[in-house]
>>> print(open('protein_19.cif').read())   # mmCIF, C-alpha atoms
data_coords
loop_
_atom_site.label_atom_id
_atom_site.label_comp_id
_atom_site.auth_asym_id
_atom_site.auth_seq_id
_atom_site.Cartn_x
_atom_site.Cartn_y
_atom_site.Cartn_z
CA MET A 1 14.70 98.90 16.90
CA ASN A 2 13.88 101.43 14.16
CA SER A 3 16.91 103.70 13.72
CA LEU A 4 14.75 106.37 12.08
CA ASN A 5 12.60 106.63 15.18
CA PRO A 6 14.59 105.12 18.04
CA LYS A 7 12.71 104.33 21.20
CA ALA A 8 13.62 106.10 24.40
CA TYR A 9 14.97 104.01 27.24
CA PRO A 10 13.26 104.36 30.63
CA ILE A 11 14.26 107.31 32.80
CA GLY A 12 17.05 106.62 35.26
CA VAL A 13 16.22 108.11 38.67
CA ASP A 14 19.23 108.35 40.99
CA LEU A 15 17.96 108.95 44.53
CA GLY A 16 21.24 109.99 46.12
CA THR A 17 21.95 111.25 49.61
CA GLY A 18 22.63 114.83 48.53
CA SER A 19 20.74 115.11 45.25
CA VAL A 20 18.26 113.50 42.88
CA LYS A 21 19.22 113.09 39.22
CA LEU A 22 17.17 112.02 36.22
CA ALA A 23 18.60 110.94 32.86
CA GLN A 24 17.04 109.42 29.75
CA LEU A 25 18.92 108.06 26.77
CA ARG A 26 18.15 106.33 23.50
CA ALA A 27 20.13 104.38 20.92
CA ALA A 28 21.62 106.42 18.06
CA ASP A 29 23.80 105.54 15.08
CA GLY A 30 26.37 102.77 15.55
CA GLU A 31 27.66 102.74 19.12
CA LEU A 32 26.50 106.29 19.81
CA LEU A 33 23.74 107.19 22.23
CA ASP A 34 21.58 110.28 22.58
CA LEU A 35 21.05 112.04 25.90
CA MET A 36 17.42 113.03 25.51
CA ALA A 37 16.90 114.81 28.82
CA ALA A 38 18.52 115.34 32.21
CA ALA A 39 17.45 117.03 35.43
CA ALA A 40 18.97 117.42 38.89
CA SER A 41 18.04 118.94 42.25
CA GLU A 42 20.09 119.32 45.41
CA ILE A 43 18.34 117.97 48.50
CA PRO A 44 18.23 120.67 51.20
CA ALA A 45 20.31 119.83 54.28
CA ASP A 46 17.27 120.06 56.57
CA CYS A 47 15.49 117.35 54.53
CA ARG A 48 18.26 114.78 54.43
CA LYS A 49 17.76 113.29 57.90
CA ASP A 50 13.97 113.49 58.00
CA LEU A 51 12.68 110.67 55.78
CA GLN A 52 9.18 112.11 55.39
CA ARG A 53 10.42 115.59 54.44
CA ARG A 54 13.04 114.05 52.18
CA ASN A 55 10.46 111.99 50.33
CA GLU A 56 8.12 114.96 49.95
CA PHE A 57 10.97 116.96 48.45
CA LEU A 58 11.97 114.11 46.12
CA ALA A 59 8.44 113.71 44.75
CA GLN A 60 8.16 117.44 44.08
CA ALA A 61 11.64 117.68 42.53
CA ILE A 62 10.99 114.73 40.21
CA ARG A 63 7.64 116.18 39.10
CA GLU A 64 9.26 119.53 38.31
CA GLY A 65 12.17 117.86 36.52
CA LEU A 66 9.84 115.84 34.31
CA LYS A 67 7.68 118.85 33.55
CA SER A 68 10.47 121.26 32.59
CA ASN A 69 12.56 118.87 30.48
CA ASN A 70 12.05 116.81 27.35
CA PHE A 71 11.56 113.41 28.97
CA GLN A 72 9.54 110.94 26.92
CA GLY A 73 7.02 108.77 28.70
CA ARG A 74 7.06 108.03 32.42
CA GLN A 75 8.67 104.58 32.58
CA ALA A 76 11.50 104.72 35.12
CA ILE A 77 14.16 102.70 36.89
CA LEU A 78 14.77 103.77 40.50
CA CYS A 79 18.06 103.52 42.33
CA LEU A 80 17.85 103.33 46.11
CA PRO A 81 20.38 105.30 48.19
CA ALA A 82 23.38 103.26 49.32
CA ALA A 83 22.57 104.07 52.95
CA HIS A 84 19.28 102.18 52.60
CA THR A 85 20.67 99.05 50.95
CA PHE A 86 22.61 96.16 52.47
CA LEU A 87 25.46 94.50 50.54
CA GLN A 88 26.99 91.22 51.63
CA HIS A 89 29.39 88.74 49.99
CA LEU A 90 28.67 85.09 50.75
CA ARG A 91 30.47 81.92 49.71
CA MET A 92 27.83 79.38 48.85
CA PRO A 93 27.77 75.83 47.51
CA ARG A 94 26.69 75.41 43.91
CA LEU A 95 22.91 75.24 43.99
CA SER A 96 20.15 75.38 41.42
CA PRO A 97 18.55 78.77 40.57
CA THR A 98 15.55 77.63 42.61
CA ASP A 99 17.43 76.48 45.70
CA LEU A 100 20.01 79.30 45.94
CA PRO A 101 17.56 82.09 46.97
CA LYS A 102 16.19 79.88 49.74
CA ALA A 103 19.69 79.07 50.99
CA LEU A 104 20.66 82.74 50.92
CA ARG A 105 17.71 83.70 53.13
CA MET A 106 18.77 81.05 55.61
CA GLU A 107 22.38 82.27 55.52
CA LEU A 108 21.33 85.88 56.11
CA GLN A 109 19.48 85.13 59.33
CA GLY A 110 20.88 87.47 61.98
CA LYS A 111 23.17 89.28 59.51
CA LEU A 112 20.71 91.93 58.29
CA PRO A 113 19.85 95.05 60.31
CA TYR A 114 16.20 93.90 60.10
CA ALA A 115 14.35 90.59 59.99
CA VAL A 116 14.90 88.48 56.88
CA ASP A 117 11.13 88.19 56.49
CA ASP A 118 10.97 92.00 56.21
CA ALA A 119 13.63 92.12 53.46
CA VAL A 120 13.52 92.14 49.68
CA ILE A 121 16.61 90.16 48.64
CA ARG A 122 18.33 89.84 45.28
CA HIS A 123 21.69 88.33 44.37
CA VAL A 124 24.42 88.18 41.72
CA VAL A 125 26.64 85.13 41.27
CA ALA A 126 30.12 86.64 40.89
CA GLY A 127 32.00 83.44 40.04
CA SER A 128 33.88 80.46 41.43
CA VAL A 129 36.09 80.94 44.50
CA PHE A 130 39.71 80.37 43.53
CA GLY A 131 41.21 77.24 45.06
CA ASP A 132 38.18 76.37 47.19
CA PRO A 133 38.28 72.59 47.75
CA ASP A 134 34.48 72.45 47.97
CA GLY A 135 33.97 74.35 44.68
CA LYS A 136 31.99 77.15 46.29
CA GLN A 137 30.82 80.22 44.41
CA GLU A 138 31.00 83.87 45.38
CA VAL A 139 27.56 85.47 45.67
CA ILE A 140 26.82 89.19 46.10
CA VAL A 141 23.61 89.70 48.04
CA VAL A 142 21.64 92.95 47.96
CA ALA A 143 18.85 93.49 50.49
CA VAL A 144 16.50 96.34 51.36
CA ASP A 145 13.90 96.69 54.07
CA ARG A 146 10.46 96.23 52.53
CA GLY A 147 9.08 99.31 54.27
CA THR A 148 11.89 101.48 52.91
CA LEU A 149 11.32 100.15 49.39
CA GLU A 150 7.62 100.85 49.63
CA SER A 151 8.29 104.41 50.78
CA TYR A 152 10.36 105.09 47.63
CA LEU A 153 7.73 103.46 45.44
CA SER A 154 5.26 105.87 47.05
CA VAL A 155 7.56 108.77 46.09
CA ALA A 156 7.56 107.52 42.50
CA ALA A 157 3.77 107.22 42.47
CA LYS A 158 3.39 110.80 43.74
CA ALA A 159 5.80 111.93 41.00
CA LYS A 160 3.63 110.14 38.38
CA LEU A 161 6.38 107.69 37.44
CA ASP A 162 5.69 104.21 36.09
CA VAL A 163 8.38 102.16 37.86
CA VAL A 164 9.50 99.24 35.69
CA GLY A 165 12.52 98.32 37.80
CA ILE A 166 14.57 98.89 40.95
CA ASN A 167 18.36 98.91 40.95
CA VAL A 168 21.27 99.71 43.27
CA GLU A 169 24.22 102.03 42.73
CA SER A 170 26.87 99.35 42.26
CA CYS A 171 24.96 97.61 39.46
CA ALA A 172 24.07 100.91 37.77
CA ILE A 173 27.73 101.99 37.71
CA VAL A 174 28.79 98.78 35.95
CA GLU A 175 25.90 99.09 33.50
CA CYS A 176 26.90 102.67 32.73
CA PHE A 177 30.29 101.58 31.39
CA ALA A 178 29.36 98.07 30.20
CA ARG A 179 28.96 99.26 26.60
CA LEU A 180 32.69 100.04 26.56
CA PHE A 181 33.66 96.47 27.57
CA ARG A 182 31.76 94.24 25.17
CA ARG A 183 34.60 92.61 23.25
CA ALA A 184 35.33 88.97 24.05
CA SER A 185 38.75 89.96 25.43
CA ASP A 186 37.16 92.41 27.85
CA THR A 187 35.79 89.59 29.99
CA ASP A 188 39.35 89.12 31.31
CA ARG A 189 39.75 92.79 32.24
CA ALA A 190 39.23 93.61 35.92
CA ILE A 191 38.19 97.23 36.44
CA MET A 192 37.61 98.89 39.81
CA PHE A 193 35.07 101.69 40.09
CA ILE A 194 35.31 104.01 43.09
CA ASP A 195 32.14 106.05 43.54
CA LEU A 196 32.95 108.99 45.82
CA GLY A 197 29.52 109.97 47.08
CA SER A 198 28.22 112.52 49.54
CA SER A 199 28.06 110.26 52.60
CA SER A 200 29.59 106.99 51.40
CA THR A 201 31.99 105.46 48.90
CA GLN A 202 31.08 102.52 46.71
CA VAL A 203 33.85 100.13 45.66
CA VAL A 204 32.75 98.04 42.68
CA LEU A 205 34.77 95.64 40.53
CA SER A 206 33.79 94.16 37.20
CA HIS A 207 35.09 91.65 34.68
CA GLY A 208 34.09 93.32 31.46
CA ASP A 209 30.38 94.03 31.84
CA ARG A 210 29.86 91.64 34.79
CA MET A 211 29.94 92.81 38.42
CA VAL A 212 32.11 90.59 40.63
CA PHE A 213 32.54 92.67 43.80
CA ALA A 214 30.62 95.43 45.57
CA HIS A 215 31.07 97.05 48.96
CA ASN A 216 29.82 100.24 50.58
CA LEU A 217 32.25 102.26 52.74
CA ALA A 218 30.78 104.69 55.26
CA GLN A 219 33.12 107.49 54.19
CA GLY A 220 32.24 110.18 51.67
CA GLU A 221 32.73 113.82 50.81
CA LEU A 222 31.05 114.92 54.02
CA GLN A 223 33.81 113.29 56.06
CA VAL A 224 36.43 115.05 53.92
CA ASP A 225 34.79 118.42 54.55
CA LYS A 226 34.50 117.69 58.28
CA ALA A 227 38.23 116.93 58.42
CA VAL A 228 39.01 120.28 56.75
CA ALA A 229 36.59 122.11 59.05
CA SER A 230 38.09 120.53 62.17
CA GLY A 231 41.66 121.24 61.12
CA MET A 232 41.02 124.85 60.14
CA GLY A 233 38.47 125.67 62.82
CA ILE A 234 35.75 126.73 60.36
CA PRO A 235 32.16 125.56 59.67
CA VAL A 236 31.71 122.51 57.44
CA GLU A 237 29.88 124.54 54.80
CA GLN A 238 32.77 126.99 54.60
CA ALA A 239 35.27 124.13 54.39
CA ARG A 240 33.40 122.61 51.46
CA ALA A 241 33.19 125.94 49.63
CA LEU A 242 36.92 126.53 50.17
CA ARG A 243 37.83 123.09 48.87
CA TRP A 244 35.81 123.53 45.70
CA ASP A 245 36.97 127.10 45.11
CA LEU A 246 40.55 125.83 45.13
CA GLN A 247 39.63 123.05 42.71
CA LYS A 248 37.94 125.45 40.30
CA ALA A 249 40.94 127.75 40.39
CA GLY A 250 43.05 124.90 39.05
CA LYS A 251 46.27 126.40 40.40
CA PRO A 252 47.91 124.18 43.02
CA GLY A 253 49.71 126.18 45.67
CA PRO A 254 50.30 126.68 49.40
CA ALA A 255 46.57 127.15 50.15
CA GLU A 256 45.66 123.82 48.59
CA ASP A 257 48.63 122.10 50.25
CA GLU A 258 47.48 123.39 53.64
CA LEU A 259 43.93 122.19 53.03
CA TYR A 260 45.05 118.70 52.01
CA ARG A 261 47.29 118.46 55.05
CA HIS A 262 44.13 118.35 57.15
CA ILE A 263 42.57 115.48 55.18
CA ASP A 264 45.66 113.35 54.69
CA ALA A 265 44.83 111.06 57.63
CA HIS A 266 41.29 110.62 56.30
CA LEU A 267 42.56 109.67 52.84
CA VAL A 268 45.02 107.20 54.35
CA GLY A 269 42.09 105.52 56.13
CA LEU A 270 39.94 105.50 53.00
CA ALA A 271 42.77 104.05 50.90
CA ASP A 272 43.28 101.34 53.51
CA GLU A 273 39.60 100.38 53.31
CA VAL A 274 39.71 100.26 49.52
CA ASN A 275 42.85 98.11 49.72
CA GLN A 276 40.99 95.70 52.00
CA CYS A 277 38.34 95.42 49.27
CA LEU A 278 41.08 94.66 46.76
CA HIS A 279 42.59 91.99 49.00
CA TYR A 280 39.21 90.29 49.35
CA TYR A 281 38.66 90.43 45.59
CA GLU A 282 42.12 88.95 44.98
CA SER A 283 41.38 86.08 47.36
CA VAL A 284 38.51 85.08 45.06
CA PHE A 285 39.91 85.96 41.62
CA ARG A 286 43.67 85.49 41.90
CA SER A 287 44.24 85.12 38.16
CA GLN A 288 42.59 88.44 37.22
CA PRO A 289 44.45 91.37 38.81
CA VAL A 290 42.84 94.81 38.71
CA GLU A 291 43.88 96.71 35.60
CA ARG A 292 42.84 100.22 36.60
CA ALA A 293 40.55 102.31 38.79
CA ILE A 294 37.84 104.61 37.48
CA PHE A 295 36.59 107.36 39.80
CA VAL A 296 32.95 108.42 39.58
CA GLY A 297 30.52 110.28 41.83
CA GLY A 298 30.52 113.90 42.97
CA GLY A 299 33.85 113.54 44.76
CA ALA A 300 35.57 112.61 41.47
CA TYR A 301 35.52 116.28 40.45
CA ASP A 302 38.23 116.79 43.07
CA LYS A 303 41.20 115.76 40.91
CA ARG A 304 43.76 116.02 43.69
CA LEU A 305 41.70 113.76 45.93
CA CYS A 306 41.51 111.14 43.15
CA GLN A 307 45.23 111.45 42.40
CA THR A 308 46.11 111.04 46.07
CA LEU A 309 43.96 107.93 46.44
CA ALA A 310 45.31 106.42 43.20
CA GLN A 311 48.88 106.92 44.39
CA ARG A 312 48.13 105.23 47.71
CA LEU A 313 46.43 102.34 45.91
CA ASN A 314 49.33 102.12 43.41
CA ILE A 315 46.90 101.53 40.54
CA PRO A 316 46.56 103.44 37.23
CA ALA A 317 43.43 105.56 37.49
CA GLN A 318 41.24 108.01 35.63
CA VAL A 319 38.08 110.03 36.16
CA GLY A 320 35.17 108.29 34.44
CA ASP A 321 32.96 110.05 31.92
CA PRO A 322 29.49 108.44 31.81
CA LEU A 323 28.63 110.52 28.74
CA VAL A 324 31.47 109.32 26.50
CA ARG A 325 30.07 108.49 23.03
CA VAL A 326 26.83 110.22 24.01
CA ARG A 327 25.39 113.09 21.97
CA ARG A 328 23.32 115.76 23.67
CA MET A 329 19.96 116.36 22.06
CA GLU A 330 18.96 120.00 21.84
CA GLY A 331 18.74 121.54 25.29
CA ALA A 332 19.34 118.32 27.26
CA GLY A 333 20.97 119.22 30.58
CA LEU A 334 21.55 122.89 29.73
CA GLN A 335 19.31 124.14 32.53
CA ILE A 336 21.49 122.41 35.12
CA GLY A 337 24.81 123.33 33.52
CA LEU A 338 25.67 119.85 32.26
CA ASP A 339 28.91 120.62 30.42
CA ARG A 340 29.74 117.95 27.83
CA ARG A 341 33.23 119.42 27.34
CA GLU A 342 34.33 117.94 30.67
CA PRO A 343 33.79 114.51 32.26
CA GLN A 344 30.63 114.37 34.38
CA PRO A 345 31.42 111.54 36.83
CA ASN A 346 28.46 112.20 39.12
CA TRP A 347 26.04 111.12 36.36
CA ALA A 348 27.27 107.50 36.26
CA VAL A 349 24.35 106.09 38.27
CA ALA A 350 21.54 107.96 36.49
CA VAL A 351 22.98 107.13 33.06
CA GLY A 352 23.60 103.51 34.03
CA LEU A 353 20.03 103.12 35.22
CA SER A 354 18.65 104.24 31.86
CA LEU A 355 21.14 102.15 29.86
CA GLY A 356 20.60 99.09 32.03
CA ALA A 357 16.89 99.34 31.30
CA ALA A 358 17.45 99.10 27.53
CA THR A 359 16.05 95.57 27.38
CA VAL A 360 12.90 96.80 29.12
CA ALA A 361 12.44 99.52 26.51
CA ALA A 362 13.26 97.39 23.48
#
>>> encode(input="protein_19.cif", output="structure tokens")
Amino acid sequence: MNSLNPKAYPIGVDLGTGSVKLAQLRAADGELLDLMAAAASEIPADCRKDLQRRNEFLAQAIREGLKSNNFQGRQAILCLPAAHTFLQHLRMPRLSPTDLPKALRMELQGKLPYAVDDAVIRHVVAGSVFGDPDGKQEVIVVAVDRGTLESYLSVAAKAKLDVVGINVESCAIVECFARLFRRASDTDRAIMFIDLGSSSTQVVLSHGDRMVFAHNLAQGELQVDKAVASGMGIPVEQARALRWDLQKAGKPGPAEDELYRHIDAHLVGLADEVNQCLHYYESVFRSQPVERAIFVGGGAYDKRLCQTLAQRLNIPAQVGDPLVRVRRMEGAGLQIGLDRREPQPNWAVAVGLSLGAATVAA
């Protein structure tokens, strides 16, 4: 790659539940990267449950984002919303690369929310199952309904994107931070990523730059806001605004304590579910305990929420910054208030999509 005229990576398009984000990076000097362009749009509440209206909004938002920002080219990697993807861990015998996909389709019969013949299925071999007498391997299966996939490809076509790949949130998160775990010794480091999204939470574990566990929990920020609203007898929108106003104030006090009293039971439940993920991981990889947790997603801006979860998990934790070692090219992200002085955890997926597509762009 010519360092005097580095080539842009494809555009990462994060089709989230509550927003759509676009990010494009390119290689810079040494280990640095350049953020060439970024765009984001909140999806109106009245569009989120109506797939047709949602897709119409997404196509328009992407077109406007491409037009008003300095994106280069139209090659893109799409990330499907977690709600529209199916994740399943399976323990399979060691099979050839040709035979494993066939065996997985057989194993998934009756386990998908749609017919196997209607699914697009991909997989990741996580590793050998510890102590299994039959020498089985742990396989992470990702499936999506073909009709749903085609609807998002239609959105991309209407937005004038040239789709060169499809990814899922869990893989994109690992790819976002993979560049920080490339030393030989990093392959022994087990890191847990907790993506606190709008309507769900992704729990992802990696060994260095390799994903070894992924699970989607049906609990997100919306459930937190509903717990506050129920406890205080106020609308959900008001509860959310109150929670974020207290966070922005940055001054813990009685008002914040009262608010968190209403969501304590919810956080206990969420921590229990994350712990179940950890127990499953440990049953497969007993010799590689989790070193730390990294919080990403929109919910990671709520520092008290992250601190509370970390304490209940009893694991060292931090808020992830997808833009570490990334320089902002002139104007990139300014229109949407992308502040490089603070971690931006909700950009992990969009950034990871663009970085993970580096081999496509090279």
>>> resolve_selection(input="protein_19.cif", expression="the PyMOL selection byres ((chain A and resi 326-343) around 7)", output="list in words")
Leu32, Leu33, Asp34, Leu35, Met36, Ala37, Ala38, Ala39, Ala40, Gly320, Asp321, Leu323, Val324, Arg325, Gln344 and Pro345 of chain A
>>> resolve_selection(input="protein_19.cif", expression="the PyMOL selection byres ((chain A and resi 166) around 8)", output="PyMOL selection string")
chain A and resi 77-80+163-165+167-168
>>> resolve_selection(input="protein_19.cif", expression="the PyMOL selection byres ((chain A and resi 273) around 12)", output="PyMOL selection string")
chain A and resi 194+201-203+215-219+266-272+274-280+309+312-313
>>> residues_around(input="protein_19.cif", residues="A:Leu15", least_positions_apart="4", cutoff="9 Å", atoms="only C-alpha atoms", output="NGL selection string")
:A and (19-22 or 58 or 78-81 or 350)
>>> closest_residue(input="protein_19.cif", among="A:Gln238, A:Thr308, A:Asn346, A:Ser200", to="A:Gly220", atoms="all atoms listed in the file")
A:Ser200
>>> residues_near_point(input="protein_19.cif", point="(28.9, 99.7, 15.7)", cutoff="12 Å", atoms="all atoms listed in the file", output="list in words")
Ala27, Ala28, Asp29, Gly30, Glu31, Leu32, Leu33, Arg179, Leu180, Arg182, Arg183 and Arg325 of chain A
>>> build_atoms(input="protein_19.cif", residues="stretch 322-351 of chain A", atoms="N, CA and C atoms", output="JSON list (two decimals), in the coordinates of the input")
[["chain", "number", "residue", "atom", "x", "y", "z"],
["A", 322, "PRO", "N", 30.66, 109.24, 32.18],
["A", 322, "PRO", "CA", 29.49, 108.44, 31.81],
["A", 322, "PRO", "C", 28.90, 108.83, 30.46],
["A", 323, "LEU", "N", 29.24, 110.04, 29.98],
["A", 323, "LEU", "CA", 28.63, 110.52, 28.74],
["A", 323, "LEU", "C", 29.57, 110.40, 27.54],
["A", 324, "VAL", "N", 30.61, 109.56, 27.65],
["A", 324, "VAL", "CA", 31.47, 109.32, 26.50],
["A", 324, "VAL", "C", 30.64, 108.60, 25.43],
["A", 325, "ARG", "N", 30.82, 109.01, 24.17],
["A", 325, "ARG", "CA", 30.07, 108.49, 23.03],
["A", 325, "ARG", "C", 28.57, 108.76, 23.17],
["A", 326, "VAL", "N", 28.23, 109.82, 23.86],
["A", 326, "VAL", "CA", 26.83, 110.22, 24.01],
["A", 326, "VAL", "C", 26.66, 111.62, 23.44],
["A", 327, "ARG", "N", 25.70, 111.77, 22.53],
["A", 327, "ARG", "CA", 25.39, 113.09, 21.97],
["A", 327, "ARG", "C", 24.29, 113.74, 22.80],
["A", 328, "ARG", "N", 24.37, 115.04, 22.95],
["A", 328, "ARG", "CA", 23.32, 115.76, 23.67],
["A", 328, "ARG", "C", 22.27, 116.23, 22.67],
["A", 329, "MET", "N", 21.04, 115.81, 22.88],
["A", 329, "MET", "CA", 19.96, 116.36, 22.06],
["A", 329, "MET", "C", 19.72, 117.81, 22.48],
["A", 330, "GLU", "N", 19.10, 118.56, 21.63],
["A", 330, "GLU", "CA", 18.96, 120.00, 21.84],
["A", 330, "GLU", "C", 18.40, 120.32, 23.23],
["A", 331, "GLY", "N", 19.18, 121.06, 23.99],
["A", 331, "GLY", "CA", 18.74, 121.54, 25.29],
["A", 331, "GLY", "C", 18.92, 120.57, 26.45],
["A", 332, "ALA", "N", 19.26, 119.32, 26.18],
["A", 332, "ALA", "CA", 19.34, 118.32, 27.26],
["A", 332, "ALA", "C", 20.43, 118.68, 28.27],
["A", 333, "GLY", "N", 20.03, 118.93, 29.51],
["A", 333, "GLY", "CA", 20.97, 119.22, 30.58],
["A", 333, "GLY", "C", 21.47, 120.65, 30.65],
["A", 334, "LEU", "N", 21.05, 121.51, 29.73],
["A", 334, "LEU", "CA", 21.55, 122.89, 29.73],
["A", 334, "LEU", "C", 21.08, 123.65, 30.96],
["A", 335, "GLN", "N", 19.86, 123.41, 31.39],
["A", 335, "GLN", "CA", 19.31, 124.14, 32.53],
["A", 335, "GLN", "C", 20.11, 123.90, 33.81],
["A", 336, "ILE", "N", 20.74, 122.73, 33.90],
["A", 336, "ILE", "CA", 21.49, 122.41, 35.12],
["A", 336, "ILE", "C", 22.99, 122.51, 34.90],
["A", 337, "GLY", "N", 23.39, 123.10, 33.77],
["A", 337, "GLY", "CA", 24.81, 123.33, 33.52],
["A", 337, "GLY", "C", 25.60, 122.08, 33.21],
["A", 338, "LEU", "N", 24.98, 121.08, 32.60],
["A", 338, "LEU", "CA", 25.67, 119.85, 32.26],
["A", 338, "LEU", "C", 26.62, 120.11, 31.09],
["A", 339, "ASP", "N", 27.89, 120.21, 31.40],
["A", 339, "ASP", "CA", 28.91, 120.62, 30.42],
["A", 339, "ASP", "C", 29.53, 119.38, 29.79],
["A", 340, "ARG", "N", 29.23, 119.13, 28.51],
["A", 340, "ARG", "CA", 29.74, 117.95, 27.83],
["A", 340, "ARG", "C", 31.22, 118.08, 27.47],
["A", 341, "ARG", "N", 31.81, 119.25, 27.66],
["A", 341, "ARG", "CA", 33.23, 119.42, 27.34],
["A", 341, "ARG", "C", 34.13, 118.83, 28.41],
["A", 342, "GLU", "N", 33.58, 118.52, 29.56],
["A", 342, "GLU", "CA", 34.33, 117.94, 30.67],
["A", 342, "GLU", "C", 33.65, 116.66, 31.14],
["A", 343, "PRO", "N", 34.42, 115.71, 31.69],
["A", 343, "PRO", "CA", 33.79, 114.51, 32.26],
["A", 343, "PRO", "C", 32.77, 114.89, 33.33],
["A", 344, "GLN", "N", 31.69, 114.13, 33.40],
["A", 344, "GLN", "CA", 30.63, 114.37, 34.38],
["A", 344, "GLN", "C", 30.45, 113.11, 35.23],
["A", 345, "PRO", "N", 31.41, 112.82, 36.11],
["A", 345, "PRO", "CA", 31.42, 111.54, 36.83],
["A", 345, "PRO", "C", 30.23, 111.32, 37.75],
["A", 346, "ASN", "N", 29.58, 112.40, 38.20],
["A", 346, "ASN", "CA", 28.46, 112.20, 39.12],
["A", 346, "ASN", "C", 27.17, 111.77, 38.42],
["A", 347, "TRP", "N", 27.22, 111.58, 37.09],
["A", 347, "TRP", "CA", 26.04, 111.12, 36.36],
["A", 347, "TRP", "C", 26.11, 109.62, 36.04],
["A", 348, "ALA", "N", 27.10, 108.92, 36.59],
["A", 348, "ALA", "CA", 27.27, 107.50, 36.26],
["A", 348, "ALA", "C", 26.04, 106.67, 36.64],
["A", 349, "VAL", "N", 25.47, 106.91, 37.81],
["A", 349, "VAL", "CA", 24.35, 106.09, 38.27],
["A", 349, "VAL", "C", 23.10, 106.36, 37.44],
["A", 350, "ALA", "N", 22.74, 107.63, 37.25],
["A", 350, "ALA", "CA", 21.54, 107.96, 36.49],
["A", 350, "ALA", "C", 21.62, 107.44, 35.05],
["A", 351, "VAL", "N", 22.79, 107.62, 34.42],
["A", 351, "VAL", "CA", 22.98, 107.13, 33.06],
["A", 351, "VAL", "C", 22.94, 105.61, 33.02]]
